[in-house]
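Below is one structure, written out as structure tokens; the observations come after it.
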Amino acid sequence: MGLTKQSTGAGVRKDLCIPVAEYRTEKVIALAGNPNTGKSTVFNSLTGMNQHTGNWPGKTVTNALGRYQYGNDKYLLVDLPGTYSLLANSVEEEVARDFICFGQPDVTVVVADATCLQRNLNLVLQILEITDRVVVCVNLMDEARRKKIRIDLDQLQRELGVPVVGTNARKGEGLNALKGAIAQMAAGWQSHPRQVNYPQEIETLIESLSLELTGLALNSRWLALRLAAGETSIFDSLGKYQGLDISGDFLGRASRELCRETQGSTRDQIVTSIVSDAEEIYKKTVRLENDKHNALDRKIDRVLTSKIFGFPIMLGLLGLVFWLTIEGANYPSQLLAALLFGFEDWLAGLAFWTYCPPWLSGMLVTGMYRTLAWVVSVMLPPMAIFFPLFTLLEDLGYLPRVAFNLDHYFKKACAHGKQALTMCMGFGCNAAGVIACRIIDSPRERLIATITNNFVPCNGRFPILIVMASAFLAAGAGPFQSGAAVLAVMGVIVIGIGVTLAVSKILSKTILYGLPSSFTLEMPPYRKPQVGRVIVRSVFDRTLFVLARAAAVAAPAGIVIWLMANITIADASLLAHGARILEPLGRLMGLDGFILMGFLLGLPANEIVIPVILMSYMASGSMQELESLEALRQLLAANGWTWLTAVNVMLFTLMHFPCATTLWTIRKETQSLKWTLVSFLVPTAAGMIICAAVTAAARLLGLVPM
Amino acid sequence: MNSQVMPLNLLPLGKPGVVRELRADASCRRRLLDLGLVTGTPVEAVLRSPAGDPMAFEIRGALIALRNAEAGQIFVALL
């Protein structure tokens, strides 16, 4: 491929930031593979990076980049999305295929799952049709051994005609051999890639087609196959990456005609040939010493998805996670608060002795530092417990079972079963949940999942729920306080799931009208989680990441809020003015103006909602330190809070506009201002309606004073 | 061979079958083919979700969940 303006920009592929071959100082290695084969683990082990991994299909949704050195050479590793094939049925497949075709990788590594080699070989064979610069990495060899699946790697290498390396990436086994094989292949190892045997009529067809397709910088036989199968998207990509427009000339017509005539049958024959080839190789190289190797998995599956135990176990596990989080975070939170607020006194002293002007020390110490201290002490302990527990469930492979159990209800809502997975991601962070929506192929269902993702309370909102539940609803439950708090939080989550389904259904019947698309979900084998790794990974990847983000927002927000609380115009602070305007709306929703101000100012990050509310209630115009939940409860009660206020705050926490980061992510993912706006309005409207309804009902029933 | 042919979602749990015909169209068909569900593929119904739909099938060594709408378009012969 020459250096053309379209293909290179300024010598760099703009979308991927990979230099074209002529400009490279490092070898570019593409990492392809089926979803959930441990591809991300291979990536992390090779590069020492911390790509998030989990035992469910579809984790890698963007091309992650990482680097490593081997011998004297530098390598740039590109983690492609996991795909079952490269036949371009979805965005991921197109991304993966286009990188292998046009990204000019020096070597493409195909990661295959040793416990499911037959299916994985389909992709290997398809990639061998595009390029001969391939190394096959058979991962999860330990799982295969445990299940007594014997794989003859030497035989496999002979069959495929490219290097085959067995690895166990989680323990780092086989990685040096893999790096060695990659280096050899990059240096020009002579490969003899296996060609799929197609029926004679297809061979004849592609032979005649490939004559017309020479000189396009891509393997003409492979291009002819795509044309014969009616996959025209590769030709769009040729236009996009190489500036070749073939839509108008002979080829375009040929493809359209062929498409009409042969659609279906030729394609079926091509896929069938690949699948039977894969089966043949599999039979020659793999021996099952135990037919019943999946027996234990199946037994567990039958319990986890059973009519009787399926849902109770699901709710029980969720409850257990929350109970451990709330109960476990209690003491460390207090300790951390004591420590951080103690440091504040010291800071205030320092400000006094250095003759720091009061407005400055007020802004920095009582504004910024105190907000920061609150966010850290309230958020860090629950996150440090919640994330590892959640990651543990993820690692085990439980989440796809949740999706399996819940799919029926998503289908009824005309939504996609994988929405359950994106919701699970949302528990961590809604922005991550929105990105995860890419695993849903149908654009309509992806939008539904995106818009409704916010109905799952993310990690920034959990503290609000937990504080409300523990301080207000569960107060007086005595020794059962954390149990009662868990029930309250669980109740909110169940409501969130219900609202998700209801809103999905409403969207499907109105602005996103349509029927559910096809649904296939792979349920991976259970894997023994590596507890140590899980803890380290979830603390560093998730907890600290989310905390850092929250802190980065909280610090400047603390200053802004302090200013708003302390700048007075006509004998009231800016905060009070805002609250006064919002008061009628707040009353209608069973809240008050200050609470709504809190949510509005919490747009950058929900973590600061409570600090703003508290700061507003303080005469001093800055957040007070609150030694205990009881002190917090008393302060709120003094400002007119009842149990209804706490319930409405919890409901509105669950259902209001997404935070700024999530909105920005939605904008990026949907490429549409309109859908970003819808994602803003839908949860907000839902929250306002539900809060108002609950309040009206409670007042009418006389449960609270009018 | 004149064994009984039925839609995949009616295959009793634990009974092995073999794919005879795929009646799904376009995108759904592609997805099923990608999973290796070509004519002649052995399948076994393994799990039924609490609501009965979807079900999970063992296909070429992997456990795959399919909704009845899709499984109903795959015709299998009971072995």
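By order in the structure tokens, chains are A, B, ...; within a chain, residues start at 1; ligands start at 1, following the order shown.
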Return the neighbours of chain A among the residues of chain B, cut-off 9 Å, counting only C-alpha atoms, as a tab-separated table (two decimals) with N, CA and C atoms, in the first residue's frame.
chain	number	residue	atom	x	y	z
B	25	ASP	N	-33.43	-16.14	8.62
B	25	ASP	CA	-33.00	-15.34	7.47
B	25	ASP	C	-31.89	-14.36	7.84
B	26	ALA	N	-31.24	-13.87	6.84
B	26	ALA	CA	-30.19	-12.85	6.88
B	26	ALA	C	-29.36	-12.80	8.15
B	27	SER	N	-29.56	-11.76	8.95
B	27	SER	CA	-28.59	-11.48	10.02
B	27	SER	C	-28.62	-12.57	11.09
B	28	CYS	N	-29.81	-13.06	11.39
B	28	CYS	CA	-29.92	-14.11	12.39
B	28	CYS	C	-29.21	-15.37	11.90
B	29	ARG	N	-29.39	-15.67	10.62
B	29	ARG	CA	-28.77	-16.85	10.03
B	29	ARG	C	-27.25	-16.76	10.14
B	30	ARG	N	-26.72	-15.56	9.82
B	30	ARG	CA	-25.27	-15.37	9.90
B	30	ARG	C	-24.75	-15.65	11.30
B	31	ARG	N	-25.49	-15.11	12.27
B	31	ARG	CA	-25.05	-15.28	13.64
B	31	ARG	C	-25.04	-16.75	14.04
B	32	LEU	N	-26.07	-17.46	13.63
B	32	LEU	CA	-26.15	-18.88	13.97
B	32	LEU	C	-25.04	-19.65	13.26
B	33	LEU	N	-24.78	-19.30	12.00
B	33	LEU	CA	-23.70	-19.96	11.27
B	33	LEU	C	-22.36	-19.72	11.95
B	34	ASP	N	-22.15	-18.48	12.41
B	34	ASP	CA	-20.89	-18.14	13.08
B	34	ASP	C	-20.65	-19.01	14.30
B	35	LEU	N	-21.73	-19.43	14.93
B	35	LEU	CA	-21.59	-20.28	16.11
B	35	LEU	C	-21.31	-21.73	15.71
B	36	GLY	N	-21.26	-21.96	14.41
B	36	GLY	CA	-20.97	-23.30	13.93
B	36	GLY	C	-22.22	-24.13	13.72
B	37	LEU	N	-23.37	-23.49	13.70
B	37	LEU	CA	-24.63	-24.23	13.54
B	37	LEU	C	-24.93	-24.50	12.07
B	38	VAL	N	-24.10	-25.32	11.44
B	38	VAL	CA	-24.38	-25.67	10.05
B	38	VAL	C	-25.09	-27.03	10.04
B	39	THR	N	-25.63	-27.38	8.89
B	39	THR	CA	-26.31	-28.67	8.78
B	39	THR	C	-25.36	-29.78	9.21
B	46	VAL	N	-29.54	-28.10	27.01
B	46	VAL	CA	-28.92	-28.30	28.31
B	46	VAL	C	-29.69	-27.61	29.43
B	47	LEU	N	-30.11	-26.38	29.19
B	47	LEU	CA	-30.75	-25.62	30.27
B	47	LEU	C	-32.00	-24.92	29.78
B	48	ARG	N	-32.92	-24.75	30.72
B	48	ARG	CA	-34.10	-23.96	30.43
B	48	ARG	C	-34.08	-22.84	31.47
B	49	SER	N	-34.26	-21.59	31.03
B	49	SER	CA	-34.25	-20.49	32.00
B	49	SER	C	-35.53	-20.54	32.83
B	50	PRO	N	-35.58	-19.82	33.96
B	50	PRO	CA	-36.75	-19.90	34.84
B	50	PRO	C	-38.06	-19.68	34.09
B	51	ALA	N	-38.06	-18.82	33.08
B	51	ALA	CA	-39.30	-18.53	32.37
B	51	ALA	C	-39.52	-19.50	31.19
B	52	GLY	N	-38.58	-20.41	30.96
B	52	GLY	CA	-38.73	-21.37	29.87
B	52	GLY	C	-38.12	-20.90	28.55
B	53	ASP	N	-37.97	-19.60	28.44
B	53	ASP	CA	-37.38	-19.00	27.24
B	53	ASP	C	-36.44	-17.92	27.73
B	54	PRO	N	-35.20	-17.88	27.38
B	54	PRO	CA	-34.46	-18.70	26.43
B	54	PRO	C	-34.09	-20.08	26.99
B	55	MET	N	-33.46	-20.86	26.12
B	55	MET	CA	-32.85	-22.12	26.53
B	55	MET	C	-31.37	-22.07	26.14
B	56	ALA	N	-30.60	-22.97	26.79
B	56	ALA	CA	-29.18	-23.01	26.45
B	56	ALA	C	-28.84	-24.36	25.85
B	59	ILE	N	-23.31	-26.46	21.78
B	59	ILE	CA	-23.03	-26.43	20.35
B	59	ILE	C	-21.53	-26.41	20.15
B	60	ARG	N	-20.99	-27.42	19.57
B	60	ARG	CA	-19.55	-27.49	19.28
B	60	ARG	C	-18.71	-27.13	20.51
B	61	GLY	N	-19.06	-27.68	21.63
B	61	GLY	CA	-18.23	-27.51	22.82
B	61	GLY	C	-18.53	-26.25	23.61
B	62	ALA	N	-19.45	-25.40	23.12
B	62	ALA	CA	-19.78	-24.18	23.86
B	62	ALA	C	-21.24	-24.22	24.30
B	63	LEU	N	-21.53	-23.52	25.37
B	63	LEU	CA	-22.90	-23.44	25.85
B	63	LEU	C	-23.49	-22.12	25.36
B	64	ILE	N	-24.51	-22.20	24.52
B	64	ILE	CA	-25.05	-21.01	23.89
B	64	ILE	C	-26.54	-20.86	24.22
B	65	ALA	N	-26.91	-19.66	24.68
B	65	ALA	CA	-28.31	-19.40	24.97
B	65	ALA	C	-29.00	-18.85	23.72
B	66	LEU	N	-30.16	-19.39	23.40
B	66	LEU	CA	-30.95	-18.91	22.27
B	66	LEU	C	-32.38	-18.71	22.72
B	67	ARG	N	-33.01	-17.65	22.21
B	67	ARG	CA	-34.43	-17.48	22.49
B	67	ARG	C	-35.24	-18.45	21.64
B	69	ALA	N	-37.57	-17.84	19.73
B	69	ALA	CA	-37.80	-17.30	18.41
B	69	ALA	C	-36.71	-17.75	17.44
B	70	GLU	N	-35.46	-17.80	17.93
B	70	GLU	CA	-34.37	-18.24	17.06
B	70	GLU	C	-34.29	-19.76	17.00
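Every protein or nucleic acid residue with an atom no more than 10 Å from Cys458 of chain A, counting only C-alpha atoms and leaving out same-chain residues fewer than 6 positions away, appears here: Met423, Cys424, Met425, Gly426, Phe427, Gly428, Cys429, Asn430, Ala431, Ala432, Gly433, Asn606, Thr653, Leu654 and Pro658 of chain A.
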Just-selected residues, all heavy atoms written as a compact mmCIF listing (two decimals), in the first residue's frame:
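As written to disk, part.txt reads:
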# COMPACT_ATOMS: atom_id res chain seq x y z
N MET A 423 -26.25 -3.58 32.21
CA MET A 423 -26.72 -3.06 33.49
C MET A 423 -25.74 -3.42 34.61
O MET A 423 -25.45 -2.61 35.48
CB MET A 423 -28.10 -3.63 33.81
CG MET A 423 -29.22 -2.98 33.04
SD MET A 423 -30.75 -3.91 33.21
CE MET A 423 -31.17 -3.57 34.92
N CYS A 424 -25.24 -4.65 34.57
CA CYS A 424 -24.27 -5.07 35.59
C CYS A 424 -23.05 -4.16 35.56
O CYS A 424 -22.52 -3.79 36.60
CB CYS A 424 -23.84 -6.52 35.37
SG CYS A 424 -25.12 -7.69 35.81
N MET A 425 -22.61 -3.83 34.34
CA MET A 425 -21.47 -2.91 34.23
C MET A 425 -21.83 -1.57 34.85
O MET A 425 -21.00 -0.90 35.46
CB MET A 425 -21.14 -2.66 32.75
CG MET A 425 -20.13 -3.58 32.13
SD MET A 425 -18.71 -3.87 33.15
CE MET A 425 -17.56 -2.71 32.44
N GLY A 426 -23.09 -1.16 34.69
CA GLY A 426 -23.56 0.11 35.21
C GLY A 426 -23.44 0.21 36.72
O GLY A 426 -23.27 1.30 37.27
N PHE A 427 -23.51 -0.92 37.41
CA PHE A 427 -23.32 -0.89 38.86
C PHE A 427 -21.96 -0.30 39.21
O PHE A 427 -21.80 0.34 40.23
CB PHE A 427 -23.40 -2.31 39.45
CG PHE A 427 -24.79 -2.78 39.69
CD1 PHE A 427 -25.25 -3.94 39.10
CD2 PHE A 427 -25.64 -2.06 40.50
CE1 PHE A 427 -26.54 -4.38 39.31
CE2 PHE A 427 -26.93 -2.50 40.72
CZ PHE A 427 -27.38 -3.66 40.12
N GLY A 428 -21.00 -0.55 38.35
CA GLY A 428 -19.68 0.02 38.60
C GLY A 428 -19.68 1.49 38.22
O GLY A 428 -19.42 2.36 39.03
N CYS A 429 -20.05 1.76 36.97
CA CYS A 429 -20.02 3.12 36.47
C CYS A 429 -20.90 3.17 35.24
O CYS A 429 -20.77 2.32 34.36
CB CYS A 429 -18.57 3.50 36.12
SG CYS A 429 -18.43 4.98 35.12
N ASN A 430 -21.82 4.11 35.18
CA ASN A 430 -22.75 4.16 34.05
C ASN A 430 -22.04 4.47 32.74
O ASN A 430 -22.46 3.99 31.69
CB ASN A 430 -23.86 5.17 34.31
CG ASN A 430 -24.78 4.73 35.41
OD1 ASN A 430 -24.95 5.41 36.41
ND2 ASN A 430 -25.37 3.56 35.27
N ALA A 431 -20.97 5.25 32.81
CA ALA A 431 -20.25 5.53 31.58
C ALA A 431 -19.68 4.23 31.01
O ALA A 431 -19.76 3.98 29.81
CB ALA A 431 -19.12 6.53 31.84
N ALA A 432 -19.17 3.38 31.90
CA ALA A 432 -18.67 2.07 31.46
C ALA A 432 -19.82 1.22 30.93
O ALA A 432 -19.67 0.50 29.94
CB ALA A 432 -17.98 1.36 32.61
N GLY A 433 -20.98 1.32 31.59
CA GLY A 433 -22.16 0.58 31.14
C GLY A 433 -22.58 1.01 29.74
O GLY A 433 -22.94 0.19 28.90
N ASN A 606 -22.06 12.53 40.98
CA ASN A 606 -23.11 12.39 41.98
C ASN A 606 -22.57 12.29 43.41
O ASN A 606 -23.31 12.44 44.36
CB ASN A 606 -23.96 11.16 41.67
CG ASN A 606 -24.91 11.44 40.53
OD1 ASN A 606 -25.86 12.19 40.71
ND2 ASN A 606 -24.66 10.88 39.37
N THR A 653 -32.30 9.68 43.33
CA THR A 653 -30.92 9.27 43.09
C THR A 653 -30.88 8.20 42.00
O THR A 653 -30.03 8.21 41.11
CB THR A 653 -30.31 8.69 44.39
OG1 THR A 653 -30.35 9.69 45.38
CG2 THR A 653 -28.88 8.25 44.17
N LEU A 654 -31.85 7.30 42.09
CA LEU A 654 -31.93 6.22 41.10
C LEU A 654 -32.33 6.76 39.73
O LEU A 654 -31.85 6.30 38.70
CB LEU A 654 -32.96 5.19 41.58
CG LEU A 654 -33.16 3.97 40.72
CD1 LEU A 654 -31.97 3.04 40.84
CD2 LEU A 654 -34.44 3.24 41.09
N PRO A 658 -28.16 11.53 33.94
CA PRO A 658 -26.85 10.92 34.14
C PRO A 658 -25.81 12.00 34.45
O PRO A 658 -26.02 13.17 34.13
CB PRO A 658 -26.54 10.26 32.80
CG PRO A 658 -27.80 10.28 32.02
CD PRO A 658 -28.64 11.38 32.56
For this session: List every residue of segment 375-610 of chain A that DSSP, applied to the backbone of this structure, places in strand (DSSP E or B), and write the result as a list of chain:residue names.
Result: A:Thr520, A:Leu521, A:Glu522, A:Thr568, A:Ile569, A:Ala572, A:Ser573
Serialized selection, C-alpha atoms, as a CSV table (one decimal), in the first residue's frame:
chain,number,residue,atom,x,y,z
A,520,THR,CA,-27.4,-15.4,21.1
A,521,LEU,CA,-25.4,-15.5,24.3
A,522,GLU,CA,-22.4,-17.6,25.1
A,568,THR,CA,-24.7,36.7,49.1
A,569,ILE,CA,-26.8,38.9,47.0
A,572,ALA,CA,-29.3,35.4,50.7
A,573,SER,CA,-26.5,33.2,49.2
Problem set entry | Residue set, chain B restricted to alpha helix (DSSP H), as an NGL selection string | :B and (26-34 or 68-71)
Export N, CA, C and O atoms of the chosen residues as a PDB file, in the first residue's frame?
ATOM      1  N   ALA B  26     -31.235 -13.869   6.841  1.00  0.00           N
ATOM      2  CA  ALA B  26     -30.186 -12.847   6.882  1.00  0.00           C
ATOM      3  C   ALA B  26     -29.357 -12.800   8.148  1.00  0.00           C
ATOM      4  O   ALA B  26     -28.552 -13.695   8.394  1.00  0.00           O
ATOM      5  N   SER B  27     -29.559 -11.757   8.949  1.00  0.00           N
ATOM      6  CA  SER B  27     -28.590 -11.483  10.017  1.00  0.00           C
ATOM      7  C   SER B  27     -28.624 -12.566  11.087  1.00  0.00           C
ATOM      8  O   SER B  27     -27.600 -12.958  11.624  1.00  0.00           O
ATOM      9  N   CYS B  28     -29.806 -13.062  11.385  1.00  0.00           N
ATOM     10  CA  CYS B  28     -29.916 -14.108  12.392  1.00  0.00           C
ATOM     11  C   CYS B  28     -29.212 -15.373  11.899  1.00  0.00           C
ATOM     12  O   CYS B  28     -28.494 -16.040  12.641  1.00  0.00           O
ATOM     13  N   ARG B  29     -29.392 -15.667  10.621  1.00  0.00           N
ATOM     14  CA  ARG B  29     -28.767 -16.847  10.033  1.00  0.00           C
ATOM     15  C   ARG B  29     -27.249 -16.759  10.142  1.00  0.00           C
ATOM     16  O   ARG B  29     -26.577 -17.705  10.518  1.00  0.00           O
ATOM     17  N   ARG B  30     -26.719 -15.562   9.823  1.00  0.00           N
ATOM     18  CA  ARG B  30     -25.267 -15.369   9.901  1.00  0.00           C
ATOM     19  C   ARG B  30     -24.754 -15.649  11.299  1.00  0.00           C
ATOM     20  O   ARG B  30     -23.746 -16.299  11.509  1.00  0.00           O
ATOM     21  N   ARG B  31     -25.488 -15.113  12.267  1.00  0.00           N
ATOM     22  CA  ARG B  31     -25.050 -15.277  13.643  1.00  0.00           C
ATOM     23  C   ARG B  31     -25.040 -16.754  14.040  1.00  0.00           C
ATOM     24  O   ARG B  31     -24.115 -17.235  14.681  1.00  0.00           O
ATOM     25  N   LEU B  32     -26.073 -17.459  13.633  1.00  0.00           N
ATOM     26  CA  LEU B  32     -26.154 -18.880  13.966  1.00  0.00           C
ATOM     27  C   LEU B  32     -25.040 -19.653  13.259  1.00  0.00           C
ATOM     28  O   LEU B  32     -24.417 -20.542  13.838  1.00  0.00           O
ATOM     29  N   LEU B  33     -24.779 -19.300  12.003  1.00  0.00           N
ATOM     30  CA  LEU B  33     -23.703 -19.964  11.268  1.00  0.00           C
ATOM     31  C   LEU B  33     -22.356 -19.718  11.946  1.00  0.00           C
ATOM     32  O   LEU B  33     -21.528 -20.618  12.048  1.00  0.00           O
ATOM     33  N   ASP B  34     -22.150 -18.475  12.409  1.00  0.00           N
ATOM     34  CA  ASP B  34     -20.892 -18.137  13.075  1.00  0.00           C
ATOM     35  C   ASP B  34     -20.652 -19.006  14.298  1.00  0.00           C
ATOM     36  O   ASP B  34     -19.518 -19.236  14.702  1.00  0.00           O
ATOM     37  N   ASN B  68     -36.447 -18.748  22.083  1.00  0.00           N
ATOM     38  CA  ASN B  68     -37.298 -19.665  21.319  1.00  0.00           C
ATOM     39  C   ASN B  68     -37.515 -19.182  19.898  1.00  0.00           C
ATOM     40  O   ASN B  68     -37.621 -19.978  18.971  1.00  0.00           O
ATOM     41  N   ALA B  69     -37.570 -17.844  19.733  1.00  0.00           N
ATOM     42  CA  ALA B  69     -37.800 -17.300  18.405  1.00  0.00           C
ATOM     43  C   ALA B  69     -36.709 -17.752  17.439  1.00  0.00           C
ATOM     44  O   ALA B  69     -36.978 -18.061  16.280  1.00  0.00           O
ATOM     45  N   GLU B  70     -35.462 -17.802  17.927  1.00  0.00           N
ATOM     46  CA  GLU B  70     -34.368 -18.237  17.060  1.00  0.00           C
ATOM     47  C   GLU B  70     -34.285 -19.762  16.998  1.00  0.00           C
ATOM     48  O   GLU B  70     -34.141 -20.343  15.935  1.00  0.00           O
ATOM     49  N   ALA B  71     -34.350 -20.374  18.178  1.00  0.00           N
ATOM     50  CA  ALA B  71     -34.221 -21.833  18.218  1.00  0.00           C
ATOM     51  C   ALA B  71     -35.322 -22.482  17.387  1.00  0.00           C
ATOM     52  O   ALA B  71     -35.125 -23.542  16.790  1.00  0.00           O
TER      53      ALA B  71
END
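Nearest residue to Thr47 of chain A among A:Asp79, A:Asp395, A:Glu445, A:Asp98 is A:Asp79, counting only C-alpha atoms.
Each of A:Asp113, A:Glu173, A:Glu583, A:Asp152 was compared to Leu46 of chain A using only C-alpha atoms, and A:Glu173 turns out to be the nearest.
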Exercise. Of the residues B:Phe57, B:Phe75, B:Gly40, B:Ala24, which is the one nearest to Leu8 of chain B, using only C-alpha atoms?
Worked result: B:Phe75
For this session: Work out how far atom CA of Leu603 of chain A is from atom CA of Ile666 of chain A, in Å to one decimal.
Result: 14.7 Å
For this session: Quick one: everything within 6 Å of Val76 of chain B, counting only C-alpha atoms, minus sequence neighbours fewer than 5 positions away in the same chain. Send it as an MDAnalysis selection string.
Result: chainID B and resid 5:6 8 17:20
Same residues, C-alpha atoms, output as a PDB file, in the first residue's frame:
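The resulting file, result_11.pdb, is reproduced below:
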ATOM      1  CA  VAL B   5     -37.458 -33.682  12.913  1.00  0.00           C
ATOM      2  CA  MET B   6     -38.468 -30.820  15.206  1.00  0.00           C
ATOM      3  CA  LEU B   8     -34.656 -26.948  18.340  1.00  0.00           C
ATOM      4  CA  GLY B  17     -30.006 -33.964  18.153  1.00  0.00           C
ATOM      5  CA  VAL B  18     -28.427 -33.011  14.860  1.00  0.00           C
ATOM      6  CA  VAL B  19     -29.104 -29.867  12.806  1.00  0.00           C
ATOM      7  CA  ARG B  20     -31.067 -30.614   9.634  1.00  0.00           C
TER       8      ARG B  20
END
Exercise. Segment 688-703 of chain A: which residues within 8 Å, counting only C-alpha atoms, same-chain residues fewer than 4 positions away excluded, as a list in words?
Worked result: Leu588, Met589, Gly590, Leu644, Asn648, Leu651, Phe652, His656 and Thr684 of chain A
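For the atom pair formed by atom CA of Glu94 of chain A and atom CA of Gly161 of chain A, the distance is 25.6 Å, given to one decimal.
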Find the spatial neighbours of Ile435 of chain A, counting only C-alpha atoms, within a cut-off of 9 Å - ignore same-chain residues fewer than 5 positions away - and output them as a PDB file with all heavy atoms, in the first residue's frame.
ATOM      1  N   VAL A  61     -14.181  -3.581  23.969  1.00  0.00           N
ATOM      2  CA  VAL A  61     -15.042  -2.968  22.988  1.00  0.00           C
ATOM      3  C   VAL A  61     -14.326  -1.895  22.189  1.00  0.00           C
ATOM      4  O   VAL A  61     -14.846  -1.377  21.227  1.00  0.00           O
ATOM      5  CB  VAL A  61     -16.331  -2.445  23.634  1.00  0.00           C
ATOM      6  CG1 VAL A  61     -17.338  -3.565  23.751  1.00  0.00           C
ATOM      7  CG2 VAL A  61     -16.078  -1.855  24.971  1.00  0.00           C
ATOM      8  N   THR A 422     -25.022  -5.170  30.380  1.00  0.00           N
ATOM      9  CA  THR A 422     -24.625  -3.759  30.402  1.00  0.00           C
ATOM     10  C   THR A 422     -25.111  -3.102  31.689  1.00  0.00           C
ATOM     11  O   THR A 422     -24.461  -2.215  32.228  1.00  0.00           O
ATOM     12  CB  THR A 422     -25.171  -2.991  29.181  1.00  0.00           C
ATOM     13  OG1 THR A 422     -26.597  -2.996  29.231  1.00  0.00           O
ATOM     14  CG2 THR A 422     -24.724  -3.611  27.891  1.00  0.00           C
ATOM     15  N   ASN A 430     -21.817   4.115  35.180  1.00  0.00           N
ATOM     16  CA  ASN A 430     -22.745   4.163  34.055  1.00  0.00           C
ATOM     17  C   ASN A 430     -22.040   4.466  32.742  1.00  0.00           C
ATOM     18  O   ASN A 430     -22.460   3.994  31.691  1.00  0.00           O
ATOM     19  CB  ASN A 430     -23.861   5.172  34.306  1.00  0.00           C
ATOM     20  CG  ASN A 430     -24.785   4.732  35.412  1.00  0.00           C
ATOM     21  OD1 ASN A 430     -24.947   5.414  36.413  1.00  0.00           O
ATOM     22  ND2 ASN A 430     -25.375   3.557  35.265  1.00  0.00           N
ATOM     23  N   THR A 450     -28.676   2.008  26.220  1.00  0.00           N
ATOM     24  CA  THR A 450     -27.922   3.209  26.564  1.00  0.00           C
ATOM     25  C   THR A 450     -28.773   4.170  27.395  1.00  0.00           C
ATOM     26  O   THR A 450     -28.348   4.656  28.448  1.00  0.00           O
ATOM     27  CB  THR A 450     -27.467   3.932  25.274  1.00  0.00           C
ATOM     28  OG1 THR A 450     -26.722   3.008  24.486  1.00  0.00           O
ATOM     29  CG2 THR A 450     -26.620   5.136  25.587  1.00  0.00           C
ATOM     30  N   THR A 665     -20.115  10.475  27.398  1.00  0.00           N
ATOM     31  CA  THR A 665     -19.902   9.152  26.793  1.00  0.00           C
ATOM     32  C   THR A 665     -21.047   8.796  25.860  1.00  0.00           C
ATOM     33  O   THR A 665     -20.831   8.264  24.769  1.00  0.00           O
ATOM     34  CB  THR A 665     -19.782   8.087  27.896  1.00  0.00           C
ATOM     35  OG1 THR A 665     -18.825   8.517  28.850  1.00  0.00           O
ATOM     36  CG2 THR A 665     -19.349   6.749  27.326  1.00  0.00           C
ATOM     37  N   ILE A 666     -22.278   9.095  26.291  1.00  0.00           N
ATOM     38  CA  ILE A 666     -23.439   8.800  25.436  1.00  0.00           C
ATOM     39  C   ILE A 666     -23.339   9.586  24.126  1.00  0.00           C
ATOM     40  O   ILE A 666     -23.555   9.056  23.040  1.00  0.00           O
ATOM     41  CB  ILE A 666     -24.760   9.140  26.161  1.00  0.00           C
ATOM     42  CG1 ILE A 666     -24.945   8.212  27.361  1.00  0.00           C
ATOM     43  CG2 ILE A 666     -25.953   9.040  25.214  1.00  0.00           C
ATOM     44  CD1 ILE A 666     -26.120   8.566  28.242  1.00  0.00           C
ATOM     45  N   GLU A 669     -20.794   7.865  22.031  1.00  0.00           N
ATOM     46  CA  GLU A 669     -21.203   6.547  21.547  1.00  0.00           C
ATOM     47  C   GLU A 669     -22.311   6.632  20.501  1.00  0.00           C
ATOM     48  O   GLU A 669     -22.317   5.880  19.540  1.00  0.00           O
ATOM     49  CB  GLU A 669     -21.675   5.674  22.710  1.00  0.00           C
ATOM     50  CG  GLU A 669     -20.554   5.246  23.642  1.00  0.00           C
ATOM     51  CD  GLU A 669     -19.535   4.367  22.936  1.00  0.00           C
ATOM     52  OE1 GLU A 669     -19.931   3.378  22.305  1.00  0.00           O
ATOM     53  OE2 GLU A 669     -18.324   4.676  23.024  1.00  0.00           O
TER      54      GLU A 669
END
